[in-house]
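Next comes coords_34.txt, a file with compact mmCIF, N, CA and C atoms.
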# COMPACT_ATOMS: atom_id res chain seq x y z
N MET A 1 56.81 50.93 -26.44
CA MET A 1 57.19 49.63 -25.93
C MET A 1 58.15 48.97 -26.92
N THR A 2 59.21 48.37 -26.41
CA THR A 2 60.20 47.72 -27.27
C THR A 2 59.70 46.34 -27.70
N ASP A 3 60.39 45.76 -28.69
CA ASP A 3 60.03 44.42 -29.15
C ASP A 3 60.17 43.40 -28.03
N ASP A 4 61.23 43.53 -27.19
CA ASP A 4 61.42 42.61 -26.08
C ASP A 4 60.27 42.71 -25.08
N GLU A 5 59.81 43.93 -24.83
CA GLU A 5 58.68 44.12 -23.92
C GLU A 5 57.41 43.52 -24.50
N ASN A 6 57.20 43.70 -25.81
CA ASN A 6 56.04 43.10 -26.46
C ASN A 6 56.10 41.58 -26.38
N LEU A 7 57.27 41.02 -26.60
CA LEU A 7 57.45 39.57 -26.56
C LEU A 7 57.16 39.03 -25.17
N SER A 8 57.61 39.74 -24.13
CA SER A 8 57.41 39.26 -22.77
C SER A 8 55.96 39.38 -22.34
N MET A 9 55.19 40.26 -22.98
CA MET A 9 53.79 40.46 -22.61
C MET A 9 52.88 39.48 -23.34
N ASP A 10 53.35 38.84 -24.41
CA ASP A 10 52.54 37.92 -25.19
C ASP A 10 52.30 36.64 -24.40
N VAL A 11 51.04 36.37 -24.12
CA VAL A 11 50.66 35.15 -23.40
C VAL A 11 49.81 34.31 -24.34
N MET A 12 50.11 33.01 -24.38
CA MET A 12 49.41 32.11 -25.29
C MET A 12 48.76 30.98 -24.52
N ASN A 13 47.65 30.50 -25.05
CA ASN A 13 47.05 29.29 -24.50
C ASN A 13 47.74 28.08 -25.15
N VAL A 14 47.29 26.89 -24.80
CA VAL A 14 47.95 25.67 -25.30
C VAL A 14 47.87 25.59 -26.82
N GLU A 15 46.72 25.91 -27.38
CA GLU A 15 46.57 25.82 -28.83
C GLU A 15 47.54 26.76 -29.55
N GLU A 16 47.64 27.99 -29.06
CA GLU A 16 48.53 28.98 -29.69
C GLU A 16 49.99 28.59 -29.52
N ALA A 17 50.34 28.12 -28.32
CA ALA A 17 51.72 27.71 -28.06
C ALA A 17 52.10 26.49 -28.90
N ALA A 18 51.16 25.58 -29.08
CA ALA A 18 51.44 24.39 -29.90
C ALA A 18 51.73 24.79 -31.34
N VAL A 19 50.98 25.74 -31.86
CA VAL A 19 51.23 26.23 -33.22
C VAL A 19 52.60 26.91 -33.28
N TYR A 20 52.89 27.75 -32.30
CA TYR A 20 54.17 28.48 -32.26
C TYR A 20 55.35 27.51 -32.24
N LEU A 21 55.25 26.46 -31.42
CA LEU A 21 56.35 25.50 -31.28
C LEU A 21 56.31 24.37 -32.30
N LYS A 22 55.19 24.26 -33.02
CA LYS A 22 54.98 23.16 -33.96
C LYS A 22 54.99 21.82 -33.23
N PHE A 23 54.34 21.79 -32.04
CA PHE A 23 54.16 20.59 -31.23
C PHE A 23 52.68 20.24 -31.24
N SER A 24 52.36 19.02 -30.91
CA SER A 24 50.96 18.67 -30.72
C SER A 24 50.52 19.22 -29.35
N ARG A 25 49.22 19.45 -29.21
CA ARG A 25 48.71 19.93 -27.93
C ARG A 25 48.97 18.90 -26.84
N ALA A 26 48.82 17.62 -27.15
CA ALA A 26 49.04 16.56 -26.16
C ALA A 26 50.48 16.57 -25.65
N TYR A 27 51.43 16.72 -26.57
CA TYR A 27 52.84 16.76 -26.17
C TYR A 27 53.12 17.97 -25.30
N LEU A 28 52.55 19.11 -25.66
CA LEU A 28 52.75 20.33 -24.89
C LEU A 28 52.16 20.19 -23.49
N TYR A 29 50.97 19.61 -23.38
CA TYR A 29 50.37 19.36 -22.07
C TYR A 29 51.27 18.45 -21.23
N ARG A 30 51.83 17.43 -21.87
CA ARG A 30 52.70 16.50 -21.14
C ARG A 30 53.96 17.20 -20.63
N LEU A 31 54.57 18.03 -21.49
CA LEU A 31 55.76 18.78 -21.06
C LEU A 31 55.44 19.69 -19.87
N ALA A 32 54.28 20.34 -19.91
CA ALA A 32 53.88 21.22 -18.82
C ALA A 32 53.61 20.42 -17.55
N LYS A 33 52.91 19.31 -17.69
CA LYS A 33 52.59 18.47 -16.53
C LYS A 33 53.85 17.97 -15.85
N GLU A 34 54.87 17.66 -16.65
CA GLU A 34 56.14 17.15 -16.12
C GLU A 34 57.10 18.29 -15.76
N ASN A 35 56.62 19.53 -15.85
CA ASN A 35 57.43 20.73 -15.55
C ASN A 35 58.71 20.77 -16.37
N ARG A 36 58.62 20.34 -17.62
CA ARG A 36 59.78 20.36 -18.50
C ARG A 36 59.78 21.56 -19.43
N ILE A 37 58.75 22.39 -19.34
CA ILE A 37 58.63 23.58 -20.16
C ILE A 37 58.04 24.68 -19.29
N PRO A 38 58.53 25.92 -19.43
CA PRO A 38 57.98 27.00 -18.59
C PRO A 38 56.52 27.28 -18.94
N HIS A 39 55.69 27.33 -17.91
CA HIS A 39 54.27 27.57 -18.12
C HIS A 39 53.66 28.19 -16.87
N ILE A 40 52.44 28.67 -17.03
CA ILE A 40 51.66 29.23 -15.93
C ILE A 40 50.41 28.38 -15.82
N ALA A 41 50.16 27.81 -14.66
CA ALA A 41 48.99 26.96 -14.47
C ALA A 41 47.99 27.65 -13.55
N PHE A 42 46.75 27.71 -14.00
CA PHE A 42 45.63 28.22 -13.22
C PHE A 42 44.57 27.14 -13.19
N GLY A 43 44.63 26.29 -12.20
CA GLY A 43 43.68 25.17 -12.16
C GLY A 43 43.90 24.29 -13.37
N ARG A 44 42.88 24.19 -14.21
CA ARG A 44 42.99 23.36 -15.41
C ARG A 44 43.50 24.14 -16.62
N HIS A 45 43.71 25.44 -16.47
CA HIS A 45 44.17 26.27 -17.57
C HIS A 45 45.70 26.35 -17.55
N VAL A 46 46.28 26.26 -18.72
CA VAL A 46 47.74 26.36 -18.86
C VAL A 46 48.02 27.47 -19.86
N LEU A 47 48.90 28.39 -19.46
CA LEU A 47 49.30 29.50 -20.32
C LEU A 47 50.81 29.51 -20.47
N PHE A 48 51.25 30.12 -21.55
CA PHE A 48 52.68 30.21 -21.84
C PHE A 48 53.02 31.63 -22.26
N ARG A 49 54.13 32.16 -21.73
CA ARG A 49 54.61 33.45 -22.21
C ARG A 49 55.54 33.18 -23.39
N LYS A 50 55.34 33.93 -24.45
CA LYS A 50 56.13 33.72 -25.67
C LYS A 50 57.62 33.86 -25.40
N ILE A 51 58.02 34.83 -24.59
CA ILE A 51 59.45 35.03 -24.29
C ILE A 51 60.03 33.81 -23.58
N ASP A 52 59.25 33.19 -22.69
CA ASP A 52 59.73 31.99 -21.99
C ASP A 52 59.93 30.84 -22.97
N LEU A 53 59.00 30.68 -23.90
CA LEU A 53 59.13 29.60 -24.89
C LEU A 53 60.31 29.86 -25.81
N PHE A 54 60.49 31.11 -26.20
CA PHE A 54 61.62 31.49 -27.05
C PHE A 54 62.94 31.16 -26.36
N ASN A 55 63.06 31.53 -25.09
CA ASN A 55 64.28 31.26 -24.33
C ASN A 55 64.46 29.77 -24.08
N TRP A 56 63.37 29.06 -23.82
CA TRP A 56 63.44 27.62 -23.59
C TRP A 56 63.95 26.91 -24.85
N LEU A 57 63.42 27.32 -26.00
CA LEU A 57 63.90 26.74 -27.26
C LEU A 57 65.39 26.99 -27.44
N GLY A 58 65.82 28.20 -27.15
CA GLY A 58 67.23 28.54 -27.28
C GLY A 58 68.11 27.69 -26.39
N SER A 59 67.60 27.32 -25.22
CA SER A 59 68.39 26.50 -24.30
C SER A 59 68.52 25.06 -24.78
N LYS A 60 67.72 24.67 -25.76
CA LYS A 60 67.74 23.31 -26.27
C LYS A 60 68.68 23.13 -27.46
N ILE A 61 69.29 24.20 -27.92
CA ILE A 61 70.19 24.13 -29.07
C ILE A 61 71.46 23.37 -28.68
N THR A 62 71.85 22.43 -29.52
CA THR A 62 73.10 21.71 -29.31
C THR A 62 73.98 21.91 -30.54
N TYR A 63 75.25 21.87 -30.32
CA TYR A 63 76.20 22.06 -31.41
C TYR A 63 77.06 20.83 -31.53
N GLN A 64 77.30 20.43 -32.76
CA GLN A 64 78.13 19.26 -33.02
C GLN A 64 79.55 19.75 -33.30
N ALA A 65 80.51 19.10 -32.68
CA ALA A 65 81.91 19.47 -32.88
C ALA A 65 82.31 19.24 -34.33
N GLU A 66 83.24 20.07 -34.81
CA GLU A 66 83.68 19.98 -36.21
C GLU A 66 84.25 18.61 -36.54
N ASP A 67 85.01 18.02 -35.61
CA ASP A 67 85.62 16.72 -35.90
C ASP A 67 84.56 15.62 -36.00
N ASP A 68 83.38 15.82 -35.41
CA ASP A 68 82.28 14.86 -35.57
C ASP A 68 81.82 14.83 -37.02
N PHE A 69 81.81 15.99 -37.67
CA PHE A 69 81.42 16.05 -39.08
C PHE A 69 82.43 15.31 -39.95
N GLU A 70 83.71 15.43 -39.62
CA GLU A 70 84.74 14.74 -40.39
C GLU A 70 84.57 13.23 -40.25
N ASP A 71 84.21 12.75 -39.05
CA ASP A 71 84.00 11.32 -38.83
C ASP A 71 82.85 10.81 -39.71
N GLU A 72 81.79 11.61 -39.86
CA GLU A 72 80.66 11.21 -40.67
C GLU A 72 81.03 11.14 -42.14
N GLU A 73 81.90 12.04 -42.61
CA GLU A 73 82.31 12.04 -44.00
C GLU A 73 83.16 10.82 -44.32
N ASP A 74 83.93 10.33 -43.34
CA ASP A 74 84.81 9.19 -43.56
C ASP A 74 84.02 7.88 -43.64
N ALA A 75 82.82 7.87 -43.09
CA ALA A 75 82.03 6.63 -43.03
C ALA A 75 81.51 6.22 -44.38
Any chance you could put this one into structure tokens?
Amino acid sequence: MTDDENLSMDVMNVEEAAVYLKFSRAYLYRLAKENRIPHIAFGRHVLFRKIDLFNWLGSKITYQAEDDFEDEEDA
């Protein structure tokens, strides 16, 4: 099995996902309830696939334009 396959098979509960993301459990529950983070819901149980969280984090990356840095240096 490849690393990607292992990553996609890793399923975490809220406590494990909170540690992985360095979020509080309450914040993670809120994100899931608002469907702002990929999750699997089974009644009151919420699970997360590690690959989904990894990809979700990657989608949140923002880049600052180089000229924005120059503006900050001039201030």
Name all residues at most 6.5 Å from range 44-58 of chain A (count all atoms listed in the file; drop same-chain ones fewer than 2 positions away) and give them as a PyMOL selection string.
chain A and resi 7-14+38-42+60-61
Just give me the gap between CA of Leu28 in chain A and CA of Ser59 in chain A in Å, one decimal is fine.
16.8 Å
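The coordinates place atom N of Leu21 in chain A at 15.0 Å from CA of Arg36 in chain A.
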I need the strand (DSSP E) residues of range 20-65 of chain A per DSSP on the backbone, written as a PyMOL selection string.
chain A and resi 40-42+45-49
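A straight line drawn from CA of Tyr29 in chain A to atom N of Glu16 in chain A is 11.4 Å long.
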Kindly output range 45-70 of chain A as an mmCIF file, in the frame of the given file, after building N, CA, C and O atoms.
data_model
loop_
_atom_site.group_PDB
_atom_site.id
_atom_site.type_symbol
_atom_site.label_atom_id
_atom_site.label_comp_id
_atom_site.auth_asym_id
_atom_site.auth_seq_id
_atom_site.Cartn_x
_atom_site.Cartn_y
_atom_site.Cartn_z
ATOM 1 N N HIS A 45 43.710 25.440 -16.470
ATOM 2 C CA HIS A 45 44.170 26.270 -17.570
ATOM 3 C C HIS A 45 45.700 26.350 -17.550
ATOM 4 O O HIS A 45 46.312 26.501 -16.500
ATOM 5 N N VAL A 46 46.280 26.260 -18.720
ATOM 6 C CA VAL A 46 47.740 26.360 -18.860
ATOM 7 C C VAL A 46 48.020 27.470 -19.860
ATOM 8 O O VAL A 46 47.460 27.495 -20.953
ATOM 9 N N LEU A 47 48.900 28.390 -19.460
ATOM 10 C CA LEU A 47 49.300 29.500 -20.320
ATOM 11 C C LEU A 47 50.810 29.510 -20.470
ATOM 12 O O LEU A 47 51.537 28.978 -19.627
ATOM 13 N N PHE A 48 51.250 30.120 -21.550
ATOM 14 C CA PHE A 48 52.680 30.210 -21.840
ATOM 15 C C PHE A 48 53.020 31.630 -22.260
ATOM 16 O O PHE A 48 52.288 32.223 -23.054
ATOM 17 N N ARG A 49 54.130 32.160 -21.730
ATOM 18 C CA ARG A 49 54.610 33.450 -22.210
ATOM 19 C C ARG A 49 55.540 33.180 -23.390
ATOM 20 O O ARG A 49 56.405 32.309 -23.327
ATOM 21 N N LYS A 50 55.340 33.930 -24.450
ATOM 22 C CA LYS A 50 56.130 33.720 -25.670
ATOM 23 C C LYS A 50 57.620 33.860 -25.400
ATOM 24 O O LYS A 50 58.428 33.064 -25.896
ATOM 25 N N ILE A 51 58.020 34.830 -24.590
ATOM 26 C CA ILE A 51 59.450 35.030 -24.290
ATOM 27 C C ILE A 51 60.030 33.810 -23.580
ATOM 28 O O ILE A 51 61.163 33.405 -23.848
ATOM 29 N N ASP A 52 59.250 33.190 -22.690
ATOM 30 C CA ASP A 52 59.730 31.990 -21.990
ATOM 31 C C ASP A 52 59.930 30.840 -22.970
ATOM 32 O O ASP A 52 60.916 30.101 -22.871
ATOM 33 N N LEU A 53 59.000 30.680 -23.900
ATOM 34 C CA LEU A 53 59.130 29.600 -24.890
ATOM 35 C C LEU A 53 60.310 29.860 -25.810
ATOM 36 O O LEU A 53 61.059 28.939 -26.148
ATOM 37 N N PHE A 54 60.490 31.110 -26.200
ATOM 38 C CA PHE A 54 61.620 31.490 -27.050
ATOM 39 C C PHE A 54 62.940 31.160 -26.360
ATOM 40 O O PHE A 54 63.833 30.536 -26.944
ATOM 41 N N ASN A 55 63.060 31.530 -25.090
ATOM 42 C CA ASN A 55 64.280 31.260 -24.330
ATOM 43 C C ASN A 55 64.460 29.770 -24.080
ATOM 44 O O ASN A 55 65.586 29.250 -24.135
ATOM 45 N N TRP A 56 63.370 29.060 -23.820
ATOM 46 C CA TRP A 56 63.440 27.620 -23.590
ATOM 47 C C TRP A 56 63.950 26.910 -24.850
ATOM 48 O O TRP A 56 64.809 26.035 -24.773
ATOM 49 N N LEU A 57 63.420 27.320 -26.000
ATOM 50 C CA LEU A 57 63.900 26.740 -27.260
ATOM 51 C C LEU A 57 65.390 26.990 -27.440
ATOM 52 O O LEU A 57 66.136 26.094 -27.841
ATOM 53 N N GLY A 58 65.820 28.200 -27.150
ATOM 54 C CA GLY A 58 67.230 28.540 -27.280
ATOM 55 C C GLY A 58 68.110 27.690 -26.390
ATOM 56 O O GLY A 58 69.243 27.346 -26.757
ATOM 57 N N SER A 59 67.600 27.320 -25.220
ATOM 58 C CA SER A 59 68.390 26.500 -24.300
ATOM 59 C C SER A 59 68.520 25.060 -24.780
ATOM 60 O O SER A 59 69.349 24.304 -24.281
ATOM 61 N N LYS A 60 67.720 24.670 -25.760
ATOM 62 C CA LYS A 60 67.740 23.310 -26.270
ATOM 63 C C LYS A 60 68.680 23.130 -27.460
ATOM 64 O O LYS A 60 68.859 22.012 -27.952
ATOM 65 N N ILE A 61 69.290 24.200 -27.920
ATOM 66 C CA ILE A 61 70.190 24.130 -29.070
ATOM 67 C C ILE A 61 71.460 23.370 -28.680
ATOM 68 O O ILE A 61 72.049 23.620 -27.642
ATOM 69 N N THR A 62 71.850 22.430 -29.520
ATOM 70 C CA THR A 62 73.100 21.710 -29.310
ATOM 71 C C THR A 62 73.980 21.910 -30.540
ATOM 72 O O THR A 62 73.485 22.091 -31.649
ATOM 73 N N TYR A 63 75.250 21.870 -30.320
ATOM 74 C CA TYR A 63 76.200 22.060 -31.410
ATOM 75 C C TYR A 63 77.060 20.830 -31.530
ATOM 76 O O TYR A 63 77.508 20.267 -30.538
ATOM 77 N N GLN A 64 77.300 20.430 -32.760
ATOM 78 C CA GLN A 64 78.130 19.260 -33.020
ATOM 79 C C GLN A 64 79.550 19.750 -33.300
ATOM 80 O O GLN A 64 79.753 20.698 -34.062
ATOM 81 N N ALA A 65 80.510 19.100 -32.680
ATOM 82 C CA ALA A 65 81.910 19.470 -32.880
ATOM 83 C C ALA A 65 82.310 19.240 -34.330
ATOM 84 O O ALA A 65 81.803 18.325 -34.991
ATOM 85 N N GLU A 66 83.240 20.070 -34.810
ATOM 86 C CA GLU A 66 83.680 19.980 -36.210
ATOM 87 C C GLU A 66 84.250 18.610 -36.540
ATOM 88 O O GLU A 66 83.994 18.053 -37.604
ATOM 89 N N ASP A 67 85.010 18.020 -35.610
ATOM 90 C CA ASP A 67 85.620 16.720 -35.900
ATOM 91 C C ASP A 67 84.560 15.620 -36.000
ATOM 92 O O ASP A 67 84.774 14.605 -36.637
ATOM 93 N N ASP A 68 83.380 15.820 -35.410
ATOM 94 C CA ASP A 68 82.280 14.860 -35.570
ATOM 95 C C ASP A 68 81.820 14.830 -37.020
ATOM 96 O O ASP A 68 81.463 13.787 -37.543
ATOM 97 N N PHE A 69 81.810 15.990 -37.670
ATOM 98 C CA PHE A 69 81.420 16.050 -39.080
ATOM 99 C C PHE A 69 82.430 15.310 -39.950
ATOM 100 O O PHE A 69 82.065 14.632 -40.890
ATOM 101 N N GLU A 70 83.710 15.430 -39.620
ATOM 102 C CA GLU A 70 84.740 14.740 -40.390
ATOM 103 C C GLU A 70 84.570 13.230 -40.250
ATOM 104 O O GLU A 70 84.750 12.492 -41.216
#
